[in-house]
file start-v1.txt (compact mmCIF, C-alpha atoms)
# COMPACT_ATOMS: atom_id res chain seq x y z
CA MET A 1 0.00 0.00 0.00
CA SER A 2 1.44 3.38 -1.07
CA PRO A 3 2.09 5.93 1.72
CA ASN A 4 -0.13 8.29 -0.26
CA THR A 5 -3.07 5.87 -0.13
CA ALA A 6 -5.71 6.35 2.56
CA VAL A 7 -7.94 3.39 1.63
CA ARG A 8 -7.24 0.30 -0.45
CA ALA A 9 -9.83 -2.42 -1.01
CA ARG A 10 -9.25 -5.58 -3.01
CA GLY A 11 -11.96 -8.14 -3.71
CA VAL A 12 -14.11 -6.97 -0.79
CA THR A 13 -17.36 -8.90 -0.56
CA LYS A 14 -20.10 -8.49 2.05
CA THR A 15 -23.38 -10.37 2.15
CA PHE A 16 -26.41 -10.21 4.41
CA GLY A 17 -28.17 -13.54 4.04
CA ASP A 18 -29.00 -13.90 0.36
CA VAL A 19 -28.30 -10.22 -0.35
CA VAL A 20 -24.90 -9.39 -1.84
CA ALA A 21 -24.19 -5.84 -0.65
CA LEU A 22 -20.62 -5.65 -2.01
CA ASP A 23 -19.37 -7.94 -4.74
CA GLU A 24 -15.56 -8.25 -5.04
CA LEU A 25 -15.07 -4.50 -4.80
CA ASP A 26 -11.71 -2.89 -5.59
CA LEU A 27 -11.16 0.71 -4.52
CA ASP A 28 -8.25 3.12 -4.03
CA VAL A 29 -8.57 6.50 -2.31
CA ASP A 30 -5.56 8.81 -2.06
CA ARG A 31 -4.82 10.95 0.98
CA GLY A 32 -5.98 14.54 0.70
CA GLN A 33 -8.96 13.60 -1.46
CA ILE A 34 -12.64 14.27 -1.01
CA HIS A 35 -13.94 11.05 -2.54
CA GLY A 36 -17.62 10.67 -3.29
CA LEU A 37 -19.68 7.48 -3.33
CA VAL A 38 -22.78 7.52 -5.50
CA GLY A 39 -25.22 4.91 -6.64
CA PRO A 40 -28.87 3.82 -6.50
CA ASN A 41 -30.43 2.77 -3.22
CA GLY A 42 -29.08 -0.66 -2.35
CA ALA A 43 -25.90 -0.19 -4.37
CA GLY A 44 -23.65 -0.88 -1.36
CA LYS A 45 -22.62 2.65 -0.35
CA THR A 46 -23.70 2.43 3.28
CA THR A 47 -22.23 -1.05 3.62
CA LEU A 48 -18.85 0.21 2.40
CA LEU A 49 -18.94 3.17 4.78
CA GLY A 50 -19.78 0.79 7.64
CA LEU A 51 -16.78 -1.38 6.81
CA LEU A 52 -14.50 1.66 6.80
CA LEU A 53 -15.83 2.73 10.20
CA GLY A 54 -15.38 -0.75 11.65
CA LEU A 55 -19.12 -1.26 12.13
CA ALA A 56 -19.05 -4.43 10.01
CA VAL A 57 -16.48 -6.91 8.74
CA ALA A 58 -16.02 -8.02 5.14
CA ASP A 59 -16.71 -11.68 4.34
CA THR A 60 -13.80 -11.93 1.90
CA GLY A 61 -11.13 -9.65 0.44
CA THR A 62 -8.69 -7.23 2.04
CA LEU A 63 -9.32 -3.72 3.31
CA GLU A 64 -6.50 -1.39 4.36
CA VAL A 65 -7.18 1.95 6.04
CA LEU A 66 -4.44 4.51 6.72
CA GLY A 67 -1.75 1.90 6.22
CA ALA A 68 -3.25 -0.74 8.52
CA GLN A 69 -5.24 -3.79 7.50
CA VAL A 70 -8.75 -3.88 8.91
CA GLY A 71 -9.19 -7.24 10.60
CA SER A 72 -12.10 -9.32 11.81
CA VAL A 73 -12.81 -7.26 14.95
CA LEU A 74 -15.58 -4.66 15.09
CA SER A 75 -13.52 -1.60 15.97
CA THR A 76 -13.08 1.82 14.41
CA PRO A 77 -9.61 2.03 12.84
CA GLU A 78 -7.16 4.47 14.38
CA GLY A 79 -7.45 7.93 12.85
CA VAL A 80 -10.95 7.37 11.43
CA ALA A 81 -14.15 9.15 12.47
CA GLY A 82 -17.60 9.80 11.03
CA PHE A 83 -21.14 8.48 10.93
CA VAL A 84 -23.46 6.23 8.94
CA ASP A 85 -27.26 6.59 8.81
CA GLY A 86 -27.03 9.91 10.62
CA PRO A 87 -25.00 10.91 13.67
CA GLY A 88 -25.75 9.36 17.05
CA LEU A 89 -26.79 12.23 19.34
CA TYR A 90 -28.41 12.64 22.75
CA PRO A 91 -31.60 14.65 22.09
CA PHE A 92 -32.06 15.83 25.70
CA LEU A 93 -28.55 17.28 25.91
CA THR A 94 -27.41 20.54 24.40
CA ALA A 95 -25.05 20.67 21.45
CA ARG A 96 -22.15 21.52 23.74
CA GLN A 97 -23.07 18.76 26.22
CA ASN A 98 -23.22 16.24 23.39
CA LEU A 99 -19.66 17.02 22.36
CA LEU A 100 -18.43 17.15 25.97
CA SER A 101 -19.91 13.68 26.51
CA VAL A 102 -17.93 12.41 23.51
CA LEU A 103 -14.72 13.78 25.01
CA SER A 104 -15.60 12.36 28.42
CA LEU A 105 -16.01 8.88 26.93
CA ARG A 106 -12.50 9.26 25.54
CA GLY A 107 -11.12 10.39 28.87
CA GLN A 108 -10.62 13.97 27.67
CA ASP A 109 -12.64 15.96 30.19
CA ASP A 110 -10.47 19.08 30.10
CA CYS A 111 -10.92 20.04 26.45
CA ARG A 112 -13.88 22.44 26.51
CA SER A 113 -12.00 24.78 24.17
CA HIS A 114 -11.94 22.01 21.57
CA VAL A 115 -15.73 21.73 21.81
CA ASP A 116 -16.24 25.46 21.32
CA GLU A 117 -13.86 25.42 18.35
CA ALA A 118 -15.66 22.48 16.73
CA LEU A 119 -19.07 24.11 17.17
CA SER A 120 -17.81 27.36 15.68
CA ARG A 121 -16.23 25.48 12.80
CA VAL A 122 -19.59 24.05 11.68
CA GLY A 123 -21.55 27.23 12.41
CA LEU A 124 -23.37 26.06 15.55
CA ASP A 125 -21.71 28.29 18.15
CA GLU A 126 -24.87 30.42 18.54
CA VAL A 127 -26.98 27.37 19.42
CA ALA A 128 -24.33 25.61 21.52
CA ASP A 129 -26.58 25.62 24.60
CA ASP A 130 -29.80 24.63 22.84
CA HIS A 131 -31.15 21.11 23.26
CA VAL A 132 -30.58 18.85 20.27
CA ARG A 133 -34.19 17.62 20.31
CA GLY A 134 -35.15 20.96 18.78
CA PHE A 135 -32.53 20.83 16.03
CA SER A 136 -33.41 20.48 12.38
CA LEU A 137 -32.02 17.58 10.35
CA GLY A 138 -29.39 19.85 8.85
CA MET A 139 -28.27 21.10 12.28
CA ARG A 140 -27.96 17.53 13.50
CA GLN A 141 -25.80 16.69 10.49
CA ARG A 142 -23.51 19.60 11.28
CA LEU A 143 -23.29 18.58 14.93
CA GLY A 144 -22.37 15.07 13.82
CA LEU A 145 -19.58 16.53 11.71
CA ALA A 146 -18.35 18.56 14.69
CA SER A 147 -18.33 15.41 16.81
CA ALA A 148 -16.28 13.57 14.19
CA LEU A 149 -13.77 16.42 13.98
CA LEU A 150 -13.17 16.36 17.75
CA SER A 151 -10.84 13.39 17.50
CA GLN A 152 -8.70 15.19 14.90
CA PRO A 153 -9.02 12.28 12.47
CA GLN A 154 -7.01 11.66 9.34
CA LEU A 155 -9.99 10.09 7.55
CA LEU A 156 -13.61 11.28 7.73
CA ILE A 157 -16.39 8.86 6.74
CA LEU A 158 -19.68 10.70 6.18
CA ASP A 159 -23.07 9.39 5.08
CA GLU A 160 -25.10 12.12 3.31
CA PRO A 161 -23.45 14.99 5.27
CA ALA A 162 -25.41 17.65 3.35
CA ASN A 163 -28.78 15.98 4.02
CA GLY A 164 -31.31 18.55 5.23
CA LEU A 165 -28.95 21.52 4.93
CA ASP A 166 -30.13 24.91 3.73
CA PRO A 167 -27.86 26.76 1.27
CA ALA A 168 -25.95 28.54 4.05
CA GLY A 169 -25.45 25.33 6.01
CA LYS A 170 -24.31 23.46 2.91
CA ARG A 171 -21.79 26.19 2.14
CA GLN A 172 -20.47 25.93 5.69
CA VAL A 173 -20.06 22.13 5.49
CA HIS A 174 -18.41 22.35 2.08
CA ARG A 175 -15.93 24.88 3.46
CA VAL A 176 -15.10 22.67 6.44
CA LEU A 177 -14.54 19.58 4.29
CA THR A 178 -12.46 21.47 1.74
CA GLU A 179 -10.24 22.94 4.47
CA PHE A 180 -9.90 19.50 6.05
CA ALA A 181 -8.71 18.00 2.77
CA LEU A 182 -6.36 20.91 2.06
CA GLY A 183 -4.82 20.25 5.47
CA GLY A 184 -3.97 16.69 4.41
CA GLY A 185 -7.08 14.91 5.66
CA THR A 186 -9.16 12.53 3.54
CA VAL A 187 -12.94 12.50 3.22
CA ILE A 188 -15.10 9.68 1.89
CA LEU A 189 -18.76 10.65 1.67
CA SER A 190 -21.91 9.32 0.12
CA SER A 191 -24.45 11.59 -1.49
CA HIS A 192 -27.45 11.50 -3.79
CA ARG A 193 -26.79 15.13 -4.67
CA MET A 194 -24.90 15.30 -7.95
CA ASP A 195 -24.24 19.03 -7.48
CA ASP A 196 -22.51 18.33 -4.15
CA LEU A 197 -20.30 15.70 -5.74
CA ALA A 198 -19.38 17.93 -8.66
CA ALA A 199 -18.58 20.87 -6.37
CA LEU A 200 -16.68 18.96 -3.69
CA CYS A 201 -15.08 15.78 -4.89
CA THR A 202 -11.66 15.10 -6.34
CA ASP A 203 -12.84 11.64 -7.42
CA VAL A 204 -16.13 9.79 -7.35
CA THR A 205 -16.94 6.09 -7.32
CA LEU A 206 -20.22 4.93 -8.82
CA LEU A 207 -21.59 1.71 -7.35
CA SER A 208 -24.36 -0.46 -8.74
CA THR A 209 -25.51 -3.75 -7.19
CA GLY A 210 -22.36 -3.90 -5.08
CA ARG A 211 -19.93 -3.47 -7.96
CA MET A 212 -17.87 -0.49 -9.07
CA VAL A 213 -19.17 0.91 -12.36
CA PHE A 214 -16.83 3.92 -12.50
CA SER A 215 -14.11 5.53 -10.41
CA GLY A 216 -12.31 8.75 -11.29
CA PRO A 217 -12.72 12.54 -11.53
CA PRO A 218 -16.32 13.82 -11.74
CA GLN A 219 -15.70 15.44 -15.11
CA GLU A 220 -14.72 12.08 -16.57
CA LEU A 221 -17.89 10.53 -15.18
CA ALA A 222 -19.90 13.27 -16.88
CA ILE A 223 -18.27 12.37 -20.21
CA GLU A 224 -19.30 8.72 -19.70
CA GLY A 225 -22.94 9.77 -19.79
CA GLY A 226 -22.92 10.40 -23.56
CA PRO A 227 -25.28 12.85 -25.32
CA LEU A 228 -27.39 15.16 -23.16
CA ASP A 229 -30.77 16.82 -23.60
CA TYR A 230 -30.51 20.62 -23.73
CA ARG A 231 -33.38 23.06 -23.33
CA ILE A 232 -33.12 26.14 -25.52
CA LEU A 233 -35.40 29.16 -25.23
CA THR A 234 -35.31 31.35 -28.35
CA SER A 235 -37.08 34.24 -30.03
CA ASP A 236 -38.18 32.08 -32.97
CA GLY A 237 -39.25 28.54 -32.21
CA ASP A 238 -39.98 27.47 -35.77
CA GLY A 239 -36.73 28.92 -37.07
CA ALA A 240 -34.71 27.39 -34.23
CA ARG A 241 -36.24 24.01 -34.92
CA ARG A 242 -35.30 24.16 -38.60
CA VAL A 243 -31.72 25.14 -37.73
CA ALA A 244 -31.46 22.37 -35.11
CA GLU A 245 -32.78 19.73 -37.52
CA ALA A 246 -30.08 20.73 -40.01
CA THR A 247 -27.27 20.62 -37.45
CA GLU A 248 -25.15 17.48 -37.62
CA GLY A 249 -24.98 15.48 -34.40
CA LEU A 250 -28.24 16.86 -32.96
CA ARG A 251 -31.72 15.41 -32.71
CA VAL A 252 -34.78 17.48 -31.88
CA VAL A 253 -36.50 15.73 -29.00
CA ASN A 254 -39.50 18.06 -28.84
CA ALA A 255 -40.50 21.67 -29.38
CA ARG A 256 -43.19 24.18 -28.51
CA ASN A 257 -43.75 27.57 -30.15
CA SER A 258 -46.83 28.79 -28.25
CA LEU A 259 -46.08 28.83 -24.52
CA GLY A 260 -47.79 32.20 -24.15
CA PRO A 261 -47.93 35.54 -25.98
CA THR A 262 -44.70 36.88 -24.50
CA HIS A 263 -42.93 33.62 -23.69
CA PRO A 264 -39.94 32.68 -25.88
CA SER A 265 -40.19 29.43 -27.76
CA ALA A 266 -38.83 26.27 -26.16
CA LEU A 267 -36.82 23.64 -27.95
CA VAL A 268 -35.24 20.46 -26.55
CA VAL A 269 -32.41 18.87 -28.50
CA ARG A 270 -30.17 15.89 -27.79
CA GLY A 271 -26.46 15.76 -28.59
CA ARG A 272 -22.94 16.21 -27.36
CA ALA A 273 -21.44 19.57 -26.42
CA PRO A 274 -19.64 20.24 -29.76
CA ALA A 275 -22.91 19.82 -31.68
CA VAL A 276 -24.70 22.17 -29.27
CA ASP A 277 -21.89 24.71 -29.72
CA ALA A 278 -22.37 24.49 -33.48
CA LEU A 279 -26.11 25.04 -33.04
CA VAL A 280 -25.50 28.21 -31.02
CA VAL A 281 -23.26 29.62 -33.76
CA ARG A 282 -25.84 28.82 -36.45
CA LEU A 283 -28.74 30.30 -34.47
CA VAL A 284 -26.87 33.55 -33.89
CA GLY A 285 -25.87 33.63 -37.54
CA SER A 286 -29.55 33.25 -38.47
CA GLY A 287 -30.54 36.20 -36.31
CA ILE A 288 -32.37 34.06 -33.74
CA ALA A 289 -31.93 35.29 -30.17
CA ILE A 290 -31.05 32.70 -27.50
CA ARG A 291 -32.71 33.53 -24.18
CA GLU A 292 -31.58 30.45 -22.27
CA LEU A 293 -29.51 27.30 -22.86
CA ALA A 294 -28.98 24.57 -20.26
CA PRO A 295 -28.97 20.76 -19.95
CA THR A 296 -32.32 19.48 -18.72
CA VAL A 297 -30.43 17.05 -16.47
CA PRO A 298 -27.01 18.03 -15.01
CA PRO A 299 -24.17 16.16 -16.79
CA LEU A 300 -23.13 14.21 -13.69
CA GLU A 301 -26.72 13.13 -13.05
CA ALA A 302 -27.11 12.09 -16.66
CA ALA A 303 -23.99 9.93 -16.38
CA PHE A 304 -25.36 8.35 -13.23
CA LEU A 305 -28.63 7.52 -14.96
CA ALA A 306 -26.89 6.15 -18.04
CA LEU A 307 -24.34 4.00 -16.24
CA THR A 308 -26.82 2.52 -13.77
CA GLY A 309 -29.35 1.71 -16.46
CA ALA A 310 -31.96 4.21 -15.25
CA ASP A 311 -34.47 5.72 -17.66
CA THR A 312 -33.03 9.06 -18.72
CA GLU A 313 -36.10 9.88 -20.79
CA SER A 314 -38.29 10.12 -17.68
CA HIS A 315 -35.90 12.68 -16.19
CA SER A 316 -35.59 14.94 -19.22
CA THR A 317 -38.33 17.38 -18.15
CA GLN A 318 -37.65 17.59 -14.43
CA HIS A 319 -35.95 21.01 -14.65
CA LEU A 320 -38.62 22.63 -16.86
CA SER A 321 -41.36 24.86 -15.57
CA PRO A 322 -44.77 23.15 -15.23
CA VAL A 323 -46.02 24.83 -18.43
CA GLU A 324 -42.88 23.85 -20.37
CA ALA A 325 -42.87 20.32 -19.01
CA THR A 326 -46.48 19.81 -20.08
CA ALA A 327 -45.67 21.11 -23.54
CA VAL A 328 -42.62 18.87 -23.80
CA GLU A 329 -44.50 15.76 -22.72
CA GLU A 330 -47.27 16.46 -25.26
CA LEU A 331 -44.78 16.78 -28.10
CA VAL A 332 -42.33 13.95 -27.41
CA ARG A 333 -41.64 12.07 -30.60

call {"tool": "encode", "arguments": {"input": "start-v1.txt", "output": "structure tokens"}}
result
Amino acid sequence: MSPNTAVRARGVTKTFGDVVALDELDLDVDRGQIHGLVGPNGAGKTTLLGLLLGLAVADTGTLEVLGAQVGSVLSTPEGVAGFVDGPGLYPFLTARQNLLSVLSLRGQDDCRSHVDEALSRVGLDEVADDHVRGFSLGMRQRLGLASALLSQPQLLILDEPANGLDPAGKRQVHRVLTEFALGGGTVILSSHRMDDLAALCTDVTLLSTGRMVFSGPPQELAIEGGPLDYRILTSDGDGARRVAEATEGLRVVNARNSLGPTHPSALVVRGRAPAVDALVVRLVGSGIAIRELAPTVPPLEAAFLALTGADTESHSTQHLSPVEATAVEELVR
């Protein structure tokens, strides 16, 4: 195992009765990375996180964490902290008391300053003396992150850390994780939010039915998704449609030229980025104004759907307005 490697898995298999949660999984995560795990429900993400936290033991294969092989004993590896299925908190204690109890269990009763620092780090210093039972889901997630940081780990294992966070809370968590990685720490997190993965992660691993489908930089995963559907709002729907139909590498999925008296026409085309670029040039050259251009499904999400065998067609209208979506669905070819 390279000194620069935080996690190395080879042939890791884990079953629960007749259910194969992980199927001969190989994985490498370098130190200093924020590494994302993504996949459909039941893909094996939570099982893998549990193995890394020492909450379960693999049936076969080898798993090395921070240079040490994880054995057959249920014990959190040295230098590892985090949570799976949400942080374990005491609802009738305050945020500060929760963290002090964690330190007390470790025999570190004289580290109140560390608690205050951790609470401030995740943006909970103003509610430090509020009872956790009144916390929102997002606040509980942030408190769980603060608890994990108390042990000054080298590797953070986090299950949906942005779950329930408002935009300000998500920004705070992203900042904490980025600073942690820049300081030499490693983060492995699961998320169903493609935007979080794209914004945060150095690498992502896509799991499906316990097997690795892809592992690498998010931008490479986006490329794996193939052609995308793009929504284009223009000043001339009929003209834009004719130009799109004549553009090599594009297919018109649907169109609508009467979404209201002052509403620009909507067109949805399918193709790769170079073909869409060519369409933009031709529309401008034809004197057709482009009011908006965007993929109907984010590239990373489209790759996820394509590589896991999901139906991308059913997701192609999810980012349209209700009026546009209705028009699109009526005109699908």

call {"tool": "residues_around", "arguments": {"input": "start-v1.txt", "residues": "Ala9 (chain A)", "least_positions_apart": "6", "cutoff": "7 Å", "atoms": "only C-alpha atoms", "output": "list in words"}}
result
Leu25, Asp26, Leu27, Asp28, Thr62, Leu63 and Glu64 of chain A

call {"tool": "closest_residue", "arguments": {"input": "start-v1.txt", "among": "A:Pro77, A:Gly32, A:Gly237, A:Gly82", "to": "Asp203 (chain A)", "atoms": "all atoms listed in the file"}}
result
A:Gly32

call {"tool": "atom_distance", "arguments": {"input": "start-v1.txt", "atom1": "CA of His192 (chain A)", "atom2": "CA of Gly86 (chain A)"}}
result
14.5 Å

call {"tool": "atom_distance", "arguments": {"input": "start-v1.txt", "atom1": "CA of Asp236 (chain A)", "atom2": "CA of Arg272 (chain A)"}}
result
22.7 Å

call {"tool": "atom_distance", "arguments": {"input": "start-v1.txt", "atom1": "CA of Gly50 (chain A)", "atom2": "CA of Pro218 (chain A)"}}
result
23.6 Å

call {"tool": "residues_near_point", "arguments": {"input": "start-v1.txt", "point": "(-32.6, 17.6, -34.7)", "cutoff": "12 Å", "atoms": "only C-alpha atoms", "output": "number ranges by chain"}}
result
A: 229-230, 240-255, 267-271, 275-276, 279, 333

call {"tool": "residues_near_point", "arguments": {"input": "start-v1.txt", "point": "(-24.0, 1.3, 3.8)", "cutoff": "12 Å", "atoms": "only C-alpha atoms", "output": "NGL selection string"}}
result
:A and (14-16 or 21-22 or 37-56 or 83-86 or 157-160 or 189-191 or 207 or 210)

call {"tool": "closest_residue", "arguments": {"input": "start-v1.txt", "among": "A:Gly169, A:Pro217, A:Gly67, A:Pro91", "to": "Ala199 (chain A)", "atoms": "only C-alpha atoms"}}
result
A:Pro217

call {"tool": "closest_residue", "arguments": {"input": "start-v1.txt", "among": "A:Leu137, A:Leu182, A:Leu155, A:Val173", "to": "Leu119 (chain A)", "atoms": "all atoms listed in the file"}}
result
A:Val173

call {"tool": "residues_around", "arguments": {"input": "start-v1.txt", "residues": "Val127 (chain A)", "least_positions_apart": "4", "cutoff": "12 Å", "atoms": "only C-alpha atoms", "output": "list in words"}}
result
Thr94, Ala95, Arg96, Gln97, Asp116, Leu119, Ser120, Val122, Gly123, His131, Val132, Gly134, Phe135, Ser136, Met139, Arg140, Arg142 and Leu143 of chain A

call {"tool": "residues_around", "arguments": {"input": "start-v1.txt", "residues": "Thr186 (chain A)", "least_positions_apart": "3", "cutoff": "10 Å", "atoms": "only C-alpha atoms", "output": "list in words"}}
result
Thr5, Ala6, Val7, Val29, Asp30, Arg31, Gly32, Gln33, Ile34, His35, Leu66, Val80, Pro153, Gln154, Leu155, Leu156, Ile157, Leu177, Thr178, Phe180, Ala181, Leu182, Gly183 and Leu189 of chain A

call {"tool": "closest_residue", "arguments": {"input": "start-v1.txt", "among": "A:Asp196, A:Asp125, A:Glu292, A:Asp130", "to": "Arg171 (chain A)", "atoms": "all atoms listed in the file"}}
result
A:Asp196

call {"tool": "closest_residue", "arguments": {"input": "start-v1.txt", "among": "A:Leu74, A:Val176, A:Leu149, A:Leu228", "to": "Pro274 (chain A)", "atoms": "only C-alpha atoms"}}
result
A:Leu228

call {"tool": "closest_residue", "arguments": {"input": "start-v1.txt", "among": "A:Leu200, A:Leu300, A:Ile288, A:Leu150", "to": "Glu220 (chain A)", "atoms": "only C-alpha atoms"}}
result
A:Leu300
